[in-house]
Amino acid sequence: MRISTIDILVSVIVPVYNAERYISETIESILNQSLSNIEIILVNDGSIDSSLIICEQYLQKDSRIKLVNQNNSGVSIARNNGLKIANGEYVFFMDSDDTIDSNFLNSSYNVAKKQNFDIVVVGEYCCQRLPNVFALPTWGQFLRHDFLKKHSDIRFPENIQPCEDGLFSHQLLALTKNIGENPHGIYNYRHHEDQNHKISNNNVEKVLAQIPSWFEILGNFYKNYNLFESQALHLALFIEHEPFQLRYLSMSLNENQKAHLHELIKEFMQKKVLPFLKDEDKKKLSNYFLFFIDSKGYSEFDKYYQGLKLKYKIKLFLIKFMPISKIRKKVRKELRLSIYR
């Protein structure tokens, strides 16, 4: 099937690195979409397994497929290079080990065209974050190509992983209110031990070394677009989620690493965010995050947070004795919201 470049509705960009076990299934799920006016851009990022051979075989089978070869440079450069040759009206970035439901692109495109949305938030999980969506995974964003061209300075940050997709989407979300939602788009996310973000998160020192670059990217973006005041909450929610919840709370850090990250987050918040954050917006942040940025040191916060967790465990234990399961479930949810808000 050959499609004129002016008739391509969606460009699907897939970075590929050592994905021989999954890439055929990924490509097949794209080829089997109910929306046929698409192009598939495979970007081989220096794979050393048989991924390139598999991609070349598919290149011969379907004229909608394009193949880009590059030296191993990382997922951000691969996605950006794919975007450079994209012709679609809309763009979707997909990982090489996942699949999409057959109506994923069609349903997302139909939603997008209703109001020419700049961004369509896709999937029930991501749509639950609305209206205060501060970042999206790569697979949760369906993007208008002209919007990306207008903001050609916003691309996946090079040599950053994890959080490359969070930084990319966070900036785009700050630049538009023209956002739609498609909770019916089904993306099949594959969990396995070789996933890049799992490998990255296991390397604590590498992640911590990148976080100052995250803050530099954010600081430059908000300064260049003069957004510190108008988008203070958007930025605060991102800092709370990415470096605080996903890194400080979720990674195994030693005392020196905790002290370092606590200081980084606290300094950025106090200099770049809190001066512009309205009192009513502070209420949308968790109490324990506010305590974190107000605490003198990491040990003060850790003591406070351990107390919160102990309180939660005790109350959770007592809930077990409630006789009705439906009520237990509701009370558990309310308990978590009341303690971890």
# chains A, B, ... in the order shown; residues from 1 in each chain; ligands from 1

call {"tool": "residues_around", "arguments": {"residues": "Asn80 of chain A", "least_positions_apart": "6", "cutoff": "12 Å", "atoms": "only C-alpha atoms", "output": "MDAnalysis selection string"}}
result
chainID A and resid 13:15 41:43 45 68 70 73:74 86 91 93 148 152:158 164:165 168

call {"tool": "write_last_selection", "arguments": {"atoms": "N, CA and C atoms", "output": "mmCIF file, in the first residue's frame"}}
result
data_model
loop_
_atom_site.group_PDB
_atom_site.id
_atom_site.type_symbol
_atom_site.label_atom_id
_atom_site.label_comp_id
_atom_site.auth_asym_id
_atom_site.auth_seq_id
_atom_site.Cartn_x
_atom_site.Cartn_y
_atom_site.Cartn_z
ATOM 1 N N ILE A 13 6.215 6.613 15.337
ATOM 2 C CA ILE A 13 7.679 6.585 15.428
ATOM 3 C C ILE A 13 8.091 5.581 16.499
ATOM 4 N N VAL A 14 8.918 4.623 16.090
ATOM 5 C CA VAL A 14 9.308 3.530 16.989
ATOM 6 C C VAL A 14 10.836 3.439 17.066
ATOM 7 N N PRO A 15 11.448 3.863 18.166
ATOM 8 C CA PRO A 15 12.890 3.634 18.348
ATOM 9 C C PRO A 15 13.123 2.156 18.643
ATOM 10 N N ILE A 41 7.665 4.766 11.195
ATOM 11 C CA ILE A 41 9.077 5.135 11.109
ATOM 12 C C ILE A 41 9.837 4.355 12.177
ATOM 13 N N LEU A 42 10.599 3.373 11.737
ATOM 14 C CA LEU A 42 11.424 2.565 12.624
ATOM 15 C C LEU A 42 12.820 3.169 12.677
ATOM 16 N N VAL A 43 13.295 3.459 13.866
ATOM 17 C CA VAL A 43 14.623 4.051 14.019
ATOM 18 C C VAL A 43 15.507 3.054 14.756
ATOM 19 N N ASP A 45 18.479 2.004 16.602
ATOM 20 C CA ASP A 45 19.465 2.748 17.390
ATOM 21 C C ASP A 45 20.710 1.893 17.661
ATOM 22 N N VAL A 68 15.179 4.095 9.575
ATOM 23 C CA VAL A 68 16.326 4.977 9.812
ATOM 24 C C VAL A 68 17.359 4.197 10.613
ATOM 25 N N GLN A 70 20.942 4.482 12.783
ATOM 26 C CA GLN A 70 21.855 5.407 13.446
ATOM 27 C C GLN A 70 22.754 4.636 14.411
ATOM 28 N N SER A 73 22.699 5.935 20.081
ATOM 29 C CA SER A 73 22.718 7.309 20.603
ATOM 30 C C SER A 73 21.687 7.542 21.688
ATOM 31 N N GLY A 74 20.860 6.551 21.958
ATOM 32 C CA GLY A 74 19.837 6.708 22.985
ATOM 33 C C GLY A 74 18.465 6.951 22.403
ATOM 34 N N ALA A 86 9.046 12.755 9.668
ATOM 35 C CA ALA A 86 7.621 12.416 9.756
ATOM 36 C C ALA A 86 6.787 13.326 8.853
ATOM 37 N N VAL A 91 1.271 12.759 15.296
ATOM 38 C CA VAL A 91 2.447 11.947 15.592
ATOM 39 C C VAL A 91 2.208 11.150 16.864
ATOM 40 N N PHE A 93 4.433 8.393 19.359
ATOM 41 C CA PHE A 93 5.674 7.692 19.674
ATOM 42 C C PHE A 93 5.338 6.408 20.422
ATOM 43 N N LEU A 148 3.965 20.591 17.159
ATOM 44 C CA LEU A 148 5.368 20.255 17.383
ATOM 45 C C LEU A 148 6.293 21.121 16.526
ATOM 46 N N SER A 152 9.558 23.938 17.863
ATOM 47 C CA SER A 152 10.644 23.048 17.438
ATOM 48 C C SER A 152 11.791 22.993 18.442
ATOM 49 N N ASP A 153 11.767 23.890 19.432
ATOM 50 C CA ASP A 153 12.791 23.847 20.490
ATOM 51 C C ASP A 153 12.472 22.793 21.547
ATOM 52 N N ILE A 154 11.245 22.290 21.540
ATOM 53 C CA ILE A 154 10.844 21.276 22.518
ATOM 54 C C ILE A 154 10.965 19.903 21.870
ATOM 55 N N ARG A 155 11.966 19.171 22.276
ATOM 56 C CA ARG A 155 12.203 17.825 21.795
ATOM 57 C C ARG A 155 12.627 16.940 22.966
ATOM 58 N N PHE A 156 12.694 15.641 22.738
ATOM 59 C CA PHE A 156 13.162 14.748 23.794
ATOM 60 C C PHE A 156 14.599 15.130 24.149
ATOM 61 N N PRO A 157 14.881 15.369 25.432
ATOM 62 C CA PRO A 157 16.220 15.814 25.831
ATOM 63 C C PRO A 157 17.254 14.701 25.641
ATOM 64 N N GLU A 158 18.343 15.048 25.004
ATOM 65 C CA GLU A 158 19.381 14.057 24.712
ATOM 66 C C GLU A 158 20.137 13.652 25.971
ATOM 67 N N GLU A 164 12.934 11.352 30.273
ATOM 68 C CA GLU A 164 12.978 12.073 29.003
ATOM 69 C C GLU A 164 11.573 12.337 28.474
ATOM 70 N N ASP A 165 10.673 11.368 28.642
ATOM 71 C CA ASP A 165 9.300 11.561 28.165
ATOM 72 C C ASP A 165 8.532 12.532 29.061
ATOM 73 N N PHE A 168 9.683 16.109 28.161
ATOM 74 C CA PHE A 168 9.141 16.453 26.848
ATOM 75 C C PHE A 168 7.661 16.813 26.950
#

call {"tool": "select_by_dssp", "arguments": {"residues": "segment 17-67 of chain A", "states": "strand (DSSP E)", "output": "VMD selection string"}}
result
chain A and resid 38 to 45 65 to 67

call {"tool": "closest_atom_pairs", "arguments": {"of": "segment 139-229 of chain A", "to": "segment 250-253 of chain A", "cutoff": "10 Å", "atoms": "only C-alpha atoms", "output": "Markdown table"}}
result
| residue | atom | partner | partner_atom | distance |
| --- | --- | --- | --- | --- |
| A:Asn201 | CA | A:Met251 | CA | 7.3 |
| A:Asn202 | CA | A:Met251 | CA | 8.1 |
| A:Asn203 | CA | A:Met251 | CA | 9.6 |
| A:Val204 | CA | A:Met251 | CA | 7.3 |
| A:Glu205 | CA | A:Leu253 | CA | 9.2 |
| A:Val207 | CA | A:Met251 | CA | 9.9 |
| A:Leu208 | CA | A:Leu253 | CA | 9.8 |

call {"tool": "residues_around", "arguments": {"residues": "segment 183-193 of chain A", "least_positions_apart": "4", "cutoff": "8 Å", "atoms": "only C-alpha atoms", "output": "PyMOL selection string"}}
result
chain A and resi 97-101+103-105+107-108+121-127+139+198-199

call {"tool": "atom_distance", "arguments": {"atom1": "atom CA of Val120 of chain A", "atom2": "atom CA of Asn182 of chain A"}}
result
6.7 Å

call {"tool": "closest_residue", "arguments": {"among": "A:Asp62, A:Leu290, A:Tyr298, A:Ile40", "to": "Glu255 of chain A", "atoms": "only C-alpha atoms"}}
result
A:Tyr298

call {"tool": "closest_atom_pairs", "arguments": {"of": "segment 241-289 of chain A", "to": "segment 301-324 of chain A", "cutoff": "12 Å", "atoms": "only C-alpha atoms", "output": "Markdown table"}}
result
| residue | atom | partner | partner_atom | distance |
| --- | --- | --- | --- | --- |
| A:Tyr248 | CA | A:Asp302 | CA | 10.5 |
| A:Leu249 | CA | A:Asp302 | CA | 9.6 |
| A:Leu253 | CA | A:Asp302 | CA | 12.0 |
| A:Glu255 | CA | A:Asp302 | CA | 10.6 |
| A:Lys258 | CA | A:Asp302 | CA | 9.6 |
| A:Ala259 | CA | A:Phe301 | CA | 10.6 |
| A:His262 | CA | A:Phe301 | CA | 9.3 |
| A:Lys266 | CA | A:Phe301 | CA | 11.8 |
| A:Asn287 | CA | A:Tyr305 | CA | 10.5 |
| A:Tyr288 | CA | A:Tyr305 | CA | 7.2 |
| A:Phe289 | CA | A:Phe301 | CA | 9.3 |

call {"tool": "write_last_selection", "arguments": {"atoms": "all heavy atoms", "output": "mmCIF file, in the first residue's frame"}}
result
data_model
loop_
_atom_site.group_PDB
_atom_site.id
_atom_site.type_symbol
_atom_site.label_atom_id
_atom_site.label_comp_id
_atom_site.auth_asym_id
_atom_site.auth_seq_id
_atom_site.Cartn_x
_atom_site.Cartn_y
_atom_site.Cartn_z
ATOM 1 N N TYR A 248 13.176 10.237 45.076
ATOM 2 C CA TYR A 248 13.524 10.277 46.499
ATOM 3 C C TYR A 248 12.803 9.180 47.286
ATOM 4 O O TYR A 248 13.414 8.467 48.084
ATOM 5 C CB TYR A 248 13.198 11.647 47.098
ATOM 6 C CG TYR A 248 13.681 11.781 48.535
ATOM 7 C CD1 TYR A 248 14.948 12.287 48.818
ATOM 8 C CD2 TYR A 248 12.891 11.368 49.612
ATOM 9 C CE1 TYR A 248 15.409 12.381 50.131
ATOM 10 C CE2 TYR A 248 13.335 11.450 50.918
ATOM 11 C CZ TYR A 248 14.600 11.967 51.170
ATOM 12 O OH TYR A 248 15.055 12.036 52.467
ATOM 13 N N LEU A 249 11.502 9.035 47.072
ATOM 14 C CA LEU A 249 10.734 8.074 47.851
ATOM 15 C C LEU A 249 10.848 6.638 47.339
ATOM 16 O O LEU A 249 10.716 5.697 48.123
ATOM 17 C CB LEU A 249 9.254 8.473 47.886
ATOM 18 C CG LEU A 249 8.895 9.754 48.632
ATOM 19 C CD1 LEU A 249 7.388 9.966 48.600
ATOM 20 C CD2 LEU A 249 9.388 9.721 50.076
ATOM 21 N N LEU A 253 18.199 4.935 48.254
ATOM 22 C CA LEU A 253 19.225 5.967 48.387
ATOM 23 C C LEU A 253 19.934 5.830 49.733
ATOM 24 O O LEU A 253 19.304 5.544 50.750
ATOM 25 C CB LEU A 253 18.602 7.367 48.290
ATOM 26 C CG LEU A 253 17.747 7.677 47.053
ATOM 27 C CD1 LEU A 253 17.164 9.080 47.171
ATOM 28 C CD2 LEU A 253 18.560 7.554 45.780
ATOM 29 N N GLU A 255 22.392 7.764 52.748
ATOM 30 C CA GLU A 255 22.203 9.036 53.443
ATOM 31 C C GLU A 255 22.760 10.213 52.645
ATOM 32 O O GLU A 255 22.135 11.274 52.574
ATOM 33 C CB GLU A 255 22.849 8.971 54.829
ATOM 34 C CG GLU A 255 22.125 8.024 55.782
ATOM 35 C CD GLU A 255 22.715 8.047 57.181
ATOM 36 O OE1 GLU A 255 23.701 8.787 57.402
ATOM 37 O OE2 GLU A 255 22.189 7.337 58.054
ATOM 38 N N LYS A 258 20.424 10.928 49.742
ATOM 39 C CA LYS A 258 19.201 11.582 50.212
ATOM 40 C C LYS A 258 19.449 13.056 50.512
ATOM 41 O O LYS A 258 18.650 13.926 50.145
ATOM 42 C CB LYS A 258 18.675 10.878 51.466
ATOM 43 C CG LYS A 258 17.963 9.575 51.204
ATOM 44 C CD LYS A 258 17.315 9.059 52.479
ATOM 45 C CE LYS A 258 16.464 7.824 52.196
ATOM 46 N NZ LYS A 258 15.747 7.370 53.401
ATOM 47 N N ALA A 259 20.557 13.324 51.176
ATOM 48 C CA ALA A 259 20.882 14.713 51.527
ATOM 49 C C ALA A 259 21.060 15.553 50.266
ATOM 50 O O ALA A 259 20.584 16.697 50.189
ATOM 51 C CB ALA A 259 22.146 14.753 52.378
ATOM 52 N N HIS A 262 17.592 15.941 48.448
ATOM 53 C CA HIS A 262 16.749 16.837 49.248
ATOM 54 C C HIS A 262 17.135 18.285 49.003
ATOM 55 O O HIS A 262 16.271 19.153 48.802
ATOM 56 C CB HIS A 262 16.880 16.493 50.737
ATOM 57 C CG HIS A 262 16.127 17.425 51.638
ATOM 58 N ND1 HIS A 262 16.686 18.558 52.187
ATOM 59 C CD2 HIS A 262 14.832 17.391 52.069
ATOM 60 C CE1 HIS A 262 15.785 19.179 52.920
ATOM 61 N NE2 HIS A 262 14.651 18.502 52.882
ATOM 62 N N LYS A 266 14.698 21.044 47.163
ATOM 63 C CA LYS A 266 14.321 22.159 48.024
ATOM 64 C C LYS A 266 14.787 23.492 47.434
ATOM 65 O O LYS A 266 14.022 24.471 47.398
ATOM 66 C CB LYS A 266 14.934 21.954 49.412
ATOM 67 C CG LYS A 266 14.588 23.055 50.407
ATOM 68 C CD LYS A 266 15.160 22.743 51.792
ATOM 69 C CE LYS A 266 14.847 23.869 52.778
ATOM 70 N NZ LYS A 266 15.359 23.565 54.142
ATOM 71 N N ASN A 287 0.636 17.132 51.581
ATOM 72 C CA ASN A 287 1.188 17.713 52.811
ATOM 73 C C ASN A 287 2.615 17.245 53.058
ATOM 74 O O ASN A 287 3.451 18.001 53.548
ATOM 75 C CB ASN A 287 0.305 17.346 54.006
ATOM 76 C CG ASN A 287 -1.027 18.091 53.984
ATOM 77 O OD1 ASN A 287 -1.114 19.203 53.471
ATOM 78 N ND2 ASN A 287 -2.059 17.478 54.528
ATOM 79 N N TYR A 288 2.886 15.983 52.730
ATOM 80 C CA TYR A 288 4.229 15.475 53.001
ATOM 81 C C TYR A 288 5.271 16.044 52.043
ATOM 82 O O TYR A 288 6.444 16.160 52.391
ATOM 83 C CB TYR A 288 4.266 13.942 53.048
ATOM 84 C CG TYR A 288 3.885 13.213 51.783
ATOM 85 C CD1 TYR A 288 4.859 12.801 50.883
ATOM 86 C CD2 TYR A 288 2.567 12.870 51.526
ATOM 87 C CE1 TYR A 288 4.525 12.097 49.745
ATOM 88 C CE2 TYR A 288 2.218 12.163 50.396
ATOM 89 C CZ TYR A 288 3.206 11.774 49.497
ATOM 90 O OH TYR A 288 2.873 11.084 48.369
ATOM 91 N N PHE A 289 4.852 16.427 50.828
ATOM 92 C CA PHE A 289 5.790 17.107 49.928
ATOM 93 C C PHE A 289 6.074 18.519 50.433
ATOM 94 O O PHE A 289 7.220 18.980 50.410
ATOM 95 C CB PHE A 289 5.240 17.152 48.502
ATOM 96 C CG PHE A 289 6.138 17.867 47.527
ATOM 97 C CD1 PHE A 289 7.447 17.445 47.326
ATOM 98 C CD2 PHE A 289 5.676 18.970 46.820
ATOM 99 C CE1 PHE A 289 8.283 18.112 46.428
ATOM 100 C CE2 PHE A 289 6.497 19.635 45.917
ATOM 101 C CZ PHE A 289 7.799 19.207 45.722
#

call {"tool": "select_by_dssp", "arguments": {"residues": "segment 47-223 of chain A", "states": "helix (DSSP H, G or I)", "output": "NGL selection string"}}
result
:A and (51-61 or 75-84 or 104-114 or 124-127 or 138-140 or 145-150 or 164-174 or 196-202 or 204-223)

call {"tool": "atom_distance", "arguments": {"atom1": "atom CA of Tyr58 of chain A", "atom2": "atom CA of Ile27 of chain A"}}
result
8.2 Å

call {"tool": "closest_residue", "arguments": {"among": "A:Ser47, A:Ser96, A:Thr26, A:Asn132", "to": "Leu233 of chain A", "atoms": "only C-alpha atoms"}}
result
A:Asn132

call {"tool": "closest_residue", "arguments": {"among": "A:Leu136, A:Ile265, A:Ala236, A:Met94", "to": "Ala78 of chain A", "atoms": "only C-alpha atoms"}}
result
A:Met94

call {"tool": "atom_distance", "arguments": {"atom1": "atom CA of Tyr22 of chain A", "atom2": "atom CA of Lys61 of chain A"}}
result
18.0 Å

call {"tool": "residues_around", "arguments": {"residues": "Leu130 of chain A", "least_positions_apart": "6", "cutoff": "10 Å", "atoms": "only C-alpha atoms", "output": "ChimeraX atom specification"}}
result
/A:121,179-181

call {"tool": "write_last_selection", "arguments": {"atoms": "C-alpha atoms", "output": "CSV table (one decimal), in the first residue's frame"}}
result
chain,number,residue,atom,x,y,z
A,121,VAL,CA,-4.3,12.3,26.3
A,179,ILE,CA,-6.1,19.2,25.1
A,180,GLY,CA,-8.5,16.3,24.3
A,181,GLU,CA,-8.9,12.9,25.8
